[in-house]
Structures are given as C-alpha cells and as structure tokens.
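Engineer: Before anything else, here's the structure in question.
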Amino acid sequence: MKITKLTTYRVPPRWMLLKIETDEGVVGWGEPVIEGRARTVETAVQEMEPFLLGQDPSRINDLWQTMYRAGFYRGGAILMSAIAGIDQALWDIKGKVLGAPVYELLGGLVRDKMKTYSWVGGDRPDDVIAGIRTLREAGFDTFKLNGTEEMAMIDSAKAVDAAVSRIAEIRGAFGNDIEFGIDFHGRVSAPMAKVLMRALEPYRPLFVEEPVLAEQAEYYPRLAEMTSIPIAAGERMYSRFEFKRVFDQGGLAIVQPDLSHAGGITECFKIAGMAEAYDIALAPHCPLGPVALAACLAIDFVSYNAVLQEQSMGIHYNKGGELLDYVKNRDDFKLTDGYILPLPLPGLGIEIDEERVIEASLRAPDWRNPVWRHADGSVAEW
C-alpha cells in the first residue's frame, strides 16, 4: 500500500481536516490546525507532502521521524500541528487496514468510559450560573470557564475581586455537586497569579489552567508550592522535549497536550507515558473538531493517568459549525452523564461525512481570535 494524495479542507467554525488517500482505496482523516493559523498549517502540510507520497502508510514511526527530523528546523506550533494531523490520518489508515480501533493497536482499553467536561461562560465569563444549570440538565457535572477578562501585569483589587466573586457564586449556587476548572488562559502575569490563586483557594477549583504562559513555566513549581489548587498546562507545548523540562522542574498536576498541536497520537502517547512516570494526570486539550476528539479519546482509553477530556460540543467558539456536523456515526459520540464510550469503528472510530466537509469548505471563514487591549491602549493577552 502506498500514499497517493493529501487533501486539506478548511471548514467552519475554525477547523481544518486532512484526507490521506492510498492506492488500495483506504482513506485516513486527520485534523492539522492552529486556531487562527489554518492557512499557515495548510502550507506546512503541503510542504511535508513529498516525504509521504509513494510511501507505505503503515510505517508511522518512520514517517513521523522523517517529517520531524528531515527538515532540519523542527518543533513549534505550526510544524508540529502539521505533523499531528498527518499522524492522526496515518493511524486511522492503519486501524482500518487491520480492522481494529487505534486504542487496540496501542495495547487495549485501560478504562470502560471516559469522563468529559464542558466549557461554560465564553471568552468573557458571563452567565456562568445559567450555563451550568443548562448543561447539568444534559448530564454534565464537570465544567471549565475562563477565570478573568483582561488583567494587567499588576492589577487592582477590584479586578481580583471580580474574578473571585464569580467563583464564589458558583460554589454558592451548586456547592460540591459540581466540579470546575478555571482557565487563566495565559492572561495573568506571575505576580497576579499568586494573588488570584491564594484568593481562589477556599473555593477548591478542580484545577487552574495556564496560570501563567508556557514561556513562564519556571513559575509552575513556585506557584504550586504556595497553593493546594492543582496546576494544569500544556496546550502551548508541542513536543516531548518541551514537556520533559516542565516535568523535571515540577509543579504540574495535570498535563494538557493537544493531539492536533503536539505531534499527534504518536507523540502524545509518549507524553502521556512520561507524565505517568512523574505522577502527573492527563487531560488532553481539545476545543477543536471531531477528528481531534477521536484522536484524544484513543490516547485517553490507553493511558492510566487520563482523568478528563475536553470536548467542544456547544463551545462558544463554534459559530457556523458544530462537531457532529461532519460526522456520520453521531451515536458513537453520545455522552451519558458526562462520559463517552470507546469509539467502536476501526481506526480513529470516526466516519466523516465527506460531502458535508467539501460543501462546508466552500464557505470556510478565516477565523481570528479577538485582539484585546488594556485601558492604556497596550495589547492584552486574549
């Protein structure tokens, strides 16, 4: 079997799907994308195409190493996202050829069902209480919300109180009947993270995500020493070589590699194993589309330390497209009491509605995150 063609489709709301074809008619799907940089990743996929055409798709490890190492310059969000989507599609092909789900090829199930959580509240956390009540009716009891709006490097007591009061309202409304993580989204500087986390500690959030940006990861162990709130991070780290430095220095309780950004299934399987050796829980980052979620689940179901799976059904980013819009086997993605079962089909377990994908690709927007500014006019982290 040989690889014959790679085709990319940018689709609403902000995703890109990749179809890899073979000379024996077996097709694999991947999701290589950086939100807001889809065209750049698309070009990177095209530039990697010569490494793949005419090659045996079953040699995933060799193809991965070729894409990673043969270009001399390596790593980073764009290149690793291109590799990630290609890698997902290769695993999809391999599973279909062998007639088995990817999780079986990786050693088989370590759990029977996977706990998921739902986003609530939007970019600027609003109507959180009402949103949680609605999602609870759908069976969710675990959530994540943005912790702050813009926050200056040294901000006011008023800004801190606004963030803390929102969390206090959630605990007051629901007590311990729900759990929630708080995403600082890299909006918070190290000095303010210390203030916020101390103020939030009485409300016992499940975790604080990206308390500071990944480039300030040296603060993770320092923050961990002064709080009992578990620290989660990893969506903006792209290889096991980046993660190993963070694991070595300590501080992380939950690691969140993104299966469409951090080298795909091949790389994230290794990252998950490294995390387990450091007694760090795994909760893959996934505010993306159906193939990304299927890839995450393949890792979740073989990783002992997997504790939570993010999923984007109904997330505030989804304008013009929803996760199941592009899926034929929708029932396999059914959530029951916040859990999802292993996807039963061979490969990644997803049957893509290709006609819908092609149609949607004709009206794909060039999604961009908003540019925020502080009161003084300087650019704020979104």
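Residue numbering restarts at 1 for every chain of the structure tokens, chains are lettered A, B, ... in their displayed order, and ligands are numbered from 1 as they appear.
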Could you pull out the residues in segment 94-132 of chain A that DSSP calls strand (DSSP E) from the backbone, as a list in words?
Structural biologist: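 The strand (DSSP E) subset of segment 94-132 of chain A is Met114, Lys115, Thr116, Tyr117, Ser118 and Trp119 of chain A.
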Engineer: Please dump the current selection as a CSV table (one decimal), in the first residue's frame; keep C-alpha atoms.
Structural biologist:
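Everything below was put into again-v1.csv:
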chain,number,residue,atom,x,y,z
A,114,MET,CA,-14.0,8.4,29.7
A,115,LYS,CA,-15.1,11.4,31.8
A,116,THR,CA,-15.6,14.6,29.7
A,117,TYR,CA,-16.2,18.2,30.7
A,118,SER,CA,-17.9,21.1,29.1
A,119,TRP,CA,-17.0,24.8,28.6
Engineer: With distances taken over only C-alpha atoms, which of A:Leu145, A:Ile3, A:Ile280, A:Met237 is nearest to Pro50 of chain A?
Structural biologist: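 Comparing A:Leu145, A:Ile3, A:Ile280, A:Met237 against Pro50 of chain A, the winner is A:Ile3.
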Engineer: Which residue gives the smallest distance to Arg187 of chain A among A:Ala375, A:Leu324, A:Val164, A:Ala380, with only C-alpha atoms counted?
Structural biologist: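 Closest candidate: A:Ala380.
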Engineer: Please build the interface table for segment 33-130 of chain A against segment 148-157 of chain A with a cut-off of 12 Å, listing for each qualifying residue the nearest atom pair and the distance in Å to one decimal; count only C-alpha atoms, order rows by chain and increasing number, and write it as CSV.
Structural biologist:
residue,atom,partner,partner_atom,distance
A:Gly121,CA,A:Thr148,CA,10.9
A:Gly122,CA,A:Glu149,CA,10.3
A:Asp123,CA,A:Glu149,CA,7.6
A:Arg124,CA,A:Glu149,CA,5.5
A:Pro125,CA,A:Thr148,CA,7.1
A:Asp126,CA,A:Glu149,CA,10.3
Engineer: With N, CA and C atoms retained, could you export that selection as a PDB file, in the first residue's frame?
Structural biologist:
ATOM      1  N   GLY A 121     -19.558  29.828  29.726  1.00  0.00           N
ATOM      2  CA  GLY A 121     -19.280  31.219  30.055  1.00  0.00           C
ATOM      3  C   GLY A 121     -18.627  32.076  28.998  1.00  0.00           C
ATOM      4  N   GLY A 122     -17.996  31.504  27.976  1.00  0.00           N
ATOM      5  CA  GLY A 122     -17.435  32.305  26.902  1.00  0.00           C
ATOM      6  C   GLY A 122     -16.108  32.959  27.221  1.00  0.00           C
ATOM      7  N   ASP A 123     -15.606  33.754  26.248  1.00  0.00           N
ATOM      8  CA  ASP A 123     -14.314  34.426  26.406  1.00  0.00           C
ATOM      9  C   ASP A 123     -14.292  35.333  27.624  1.00  0.00           C
ATOM     10  N   ARG A 124     -15.346  36.127  27.743  1.00  0.00           N
ATOM     11  CA  ARG A 124     -15.505  36.966  28.926  1.00  0.00           C
ATOM     12  C   ARG A 124     -16.571  36.295  29.785  1.00  0.00           C
ATOM     13  N   PRO A 125     -16.139  35.605  30.827  1.00  0.00           N
ATOM     14  CA  PRO A 125     -17.067  34.733  31.558  1.00  0.00           C
ATOM     15  C   PRO A 125     -18.343  35.453  31.989  1.00  0.00           C
ATOM     16  N   ASP A 126     -19.465  34.996  31.442  1.00  0.00           N
ATOM     17  CA  ASP A 126     -20.738  35.669  31.661  1.00  0.00           C
ATOM     18  C   ASP A 126     -21.836  34.619  31.722  1.00  0.00           C
TER      19      ASP A 126
END
Engineer: Within 12 Å of Asp62 of chain A, counting only C-alpha atoms, which residues qualify if same-chain residues fewer than 6 places away don't, as a PDB file with C-alpha atoms, in the first residue's frame?
Structural biologist:
ATOM      1  CA  PHE A  51       8.009  12.971   2.473  1.00  0.00           C
ATOM      2  CA  LEU A  52       4.757  10.998   2.228  1.00  0.00           C
ATOM      3  CA  GLN A  55       5.432   5.774   0.985  1.00  0.00           C
ATOM      4  CA  ASP A  56       3.939   2.900   2.977  1.00  0.00           C
ATOM      5  CA  TYR A  68      10.213  15.842  12.294  1.00  0.00           C
ATOM      6  CA  ARG A  69      13.920  15.488  11.592  1.00  0.00           C
ATOM      7  CA  ALA A  70      14.476  15.693   7.831  1.00  0.00           C
ATOM      8  CA  ASP A  87      -0.054  11.306  12.111  1.00  0.00           C
ATOM      9  CA  LEU A  90      -1.913   7.508   9.291  1.00  0.00           C
ATOM     10  CA  THR A 266       2.494   9.066  18.177  1.00  0.00           C
TER      11      THR A 266
END
Engineer: Please identify the helix (DSSP H, G or I) residues within segment 50-137 of chain A (assignment by DSSP from backbone atoms) and present them as a ChimeraX atom specification.
Structural biologist: /A:50-52,60-69,76-98,102-105,128-137
Engineer: If we count only C-alpha atoms and set the cut-off at 7 Å, which residues sit around Lys94 of chain A, ignoring sequence neighbours fewer than 4 positions away in its own chain? Please answer as an NGL selection string.
Structural biologist: :A and (58 or 90 or 98 or 347)
Engineer: Using the selection just defined, write its residues with C-alpha atoms as a PDB file, in the first residue's frame.
Structural biologist:
ATOM      1  CA  SER A  58       1.869   1.632   7.896  1.00  0.00           C
ATOM      2  CA  LEU A  90      -1.913   7.508   9.291  1.00  0.00           C
ATOM      3  CA  LEU A  98      -6.069  -4.092  10.458  1.00  0.00           C
ATOM      4  CA  GLY A 347      -9.092   3.331  13.015  1.00  0.00           C
TER       5      GLY A 347
END
Engineer: Using only C-alpha atoms, which of the listed residues (A:Ile299, A:Ala159, A:Leu135, A:Ile182) sits closest to Leu282 of chain A?
Structural biologist: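 With only C-alpha atoms as the atom set, the closest residue is A:Ile299.
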Engineer: Taking 4 positions as the minimum chain separation for residues in the same chain, which residues sit within 6 Å of segment 6-16 of chain A when counting only C-alpha atoms? Answer as a PyMOL selection string.
Structural biologist: chain A and resi 20+31+33+318-321+360-361+364+367
Engineer: Restrict the selected residues to N, CA and C atoms and save them as an mmCIF file, in the first residue's frame.
Structural biologist:
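Okay, this is what ended up in again-v9.cif:
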data_model
loop_
_atom_site.group_PDB
_atom_site.id
_atom_site.type_symbol
_atom_site.label_atom_id
_atom_site.label_comp_id
_atom_site.auth_asym_id
_atom_site.auth_seq_id
_atom_site.Cartn_x
_atom_site.Cartn_y
_atom_site.Cartn_z
ATOM 1 N N ILE A 20 -6.040 11.642 3.730
ATOM 2 C CA ILE A 20 -4.918 10.950 3.099
ATOM 3 C C ILE A 20 -5.468 9.727 2.364
ATOM 4 N N GLU A 31 -6.671 16.023 11.648
ATOM 5 C CA GLU A 31 -7.090 17.405 11.897
ATOM 6 C C GLU A 31 -5.878 18.261 12.260
ATOM 7 N N VAL A 33 -4.282 21.707 12.539
ATOM 8 C CA VAL A 33 -4.715 23.101 12.541
ATOM 9 C C VAL A 33 -4.145 23.822 13.755
ATOM 10 N N ASN A 318 -17.795 27.887 18.514
ATOM 11 C CA ASN A 318 -18.441 27.215 17.383
ATOM 12 C C ASN A 318 -19.521 28.092 16.759
ATOM 13 N N LYS A 319 -19.116 28.946 15.849
ATOM 14 C CA LYS A 319 -20.037 29.795 15.105
ATOM 15 C C LYS A 319 -20.029 29.330 13.653
ATOM 16 N N GLY A 320 -21.130 28.738 13.213
ATOM 17 C CA GLY A 320 -21.225 28.285 11.830
ATOM 18 C C GLY A 320 -20.923 26.824 11.632
ATOM 19 N N GLY A 321 -20.575 26.116 12.697
ATOM 20 C CA GLY A 321 -20.298 24.685 12.573
ATOM 21 C C GLY A 321 -20.195 24.050 13.934
ATOM 22 N N ALA A 360 -18.933 22.492 3.156
ATOM 23 C CA ALA A 360 -18.607 23.493 4.181
ATOM 24 C C ALA A 360 -17.300 24.209 3.866
ATOM 25 N N SER A 361 -16.375 23.521 3.211
ATOM 26 C CA SER A 361 -15.075 24.131 2.911
ATOM 27 C C SER A 361 -15.193 25.289 1.922
ATOM 28 N N ALA A 364 -15.618 28.461 4.257
ATOM 29 C CA ALA A 364 -14.828 28.473 5.496
ATOM 30 C C ALA A 364 -14.330 29.874 5.815
ATOM 31 N N TRP A 367 -10.883 32.344 10.592
ATOM 32 C CA TRP A 367 -11.135 32.691 11.991
ATOM 33 C C TRP A 367 -9.910 33.349 12.608
#
Engineer: Find the residues near Lys194 of chain A: any atom within 9 Å, counting only C-alpha atoms, skip ones fewer than 6 places away on the same chain, and give them as a PyMOL selection string.
Structural biologist: chain A and resi 211+223+226-227
Engineer: Quick one: pull the distance between atom CA of Glu47 of chain A and atom CA of Ile78 of chain A, Å, one decimal.
Structural biologist: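 The value is 11.8 Å.
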Engineer: From the list A:Lys244, A:Arg330, A:Lys270, A:Lys2, which residue is nearest Ala294 of chain A when using only C-alpha atoms?
Structural biologist: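 Ranked by minimum distance to Ala294 of chain A, first place goes to A:Arg330.
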Engineer: In Å to one decimal, how far is atom CA of Glu276 of chain A from atom CA of Leu341 of chain A?
Structural biologist: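 Going from atom CA of Leu341 of chain A over to atom CA of Glu276 of chain A covers 22.3 Å.
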Engineer: Which residues are close to Asp112 of chain A, i.e. within 12 Å by only C-alpha atoms, leaving aside same-chain residues fewer than 3 positions away? Reply as a CSV table (one decimal) with N, CA and C atoms, in the first residue's frame.
Structural biologist:
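In the end it all went to selection.csv:
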chain,number,residue,atom,x,y,z
A,103,TYR,N,-7.0,2.4,19.7
A,103,TYR,CA,-6.7,2.1,21.1
A,103,TYR,C,-6.4,0.6,21.3
A,108,GLY,N,-4.8,-1.7,24.0
A,108,GLY,CA,-6.2,-2.0,24.6
A,108,GLY,C,-6.6,-1.1,25.7
A,109,LEU,N,-7.9,-1.3,26.0
A,109,LEU,CA,-8.5,-0.4,27.0
A,109,LEU,C,-7.9,-0.5,28.4
A,115,LYS,N,-14.4,10.3,31.2
A,115,LYS,CA,-15.1,11.4,31.8
A,115,LYS,C,-14.8,12.7,30.9
A,297,LEU,N,-9.4,10.7,22.4
A,297,LEU,CA,-10.0,9.5,23.0
A,297,LEU,C,-9.2,8.3,22.9
A,300,ASP,N,-6.8,8.6,25.6
A,300,ASP,CA,-7.4,8.5,26.9
A,300,ASP,C,-7.7,7.1,27.3
A,301,PHE,N,-8.1,6.3,26.3
A,301,PHE,CA,-8.5,4.9,26.6
A,301,PHE,C,-7.4,4.0,26.8
A,302,VAL,N,-6.1,4.4,26.6
A,302,VAL,CA,-5.0,3.6,26.8
A,302,VAL,C,-4.0,4.1,27.9
A,303,SER,N,-4.4,5.3,28.4
A,303,SER,CA,-3.5,6.0,29.4
A,303,SER,C,-4.1,5.9,30.8
A,304,TYR,N,-3.4,5.3,31.7
A,304,TYR,CA,-3.9,5.1,33.1
A,304,TYR,C,-4.2,6.4,33.7
A,339,TYR,N,-20.0,11.1,30.4
A,339,TYR,CA,-19.0,10.1,29.9
A,339,TYR,C,-19.2,9.7,28.5
A,340,ILE,N,-18.1,9.3,27.8
A,340,ILE,CA,-18.2,8.8,26.4
A,340,ILE,C,-17.6,7.4,26.4
A,341,LEU,N,-18.1,6.6,25.6
A,341,LEU,CA,-17.6,5.2,25.5
A,341,LEU,C,-16.6,5.1,24.4
A,342,PRO,N,-15.8,4.1,24.4
A,342,PRO,CA,-14.8,3.9,23.3
A,342,PRO,C,-15.5,3.9,22.0
A,343,LEU,N,-14.9,4.6,21.0
A,343,LEU,CA,-15.5,4.6,19.6
A,343,LEU,C,-15.2,3.2,19.0
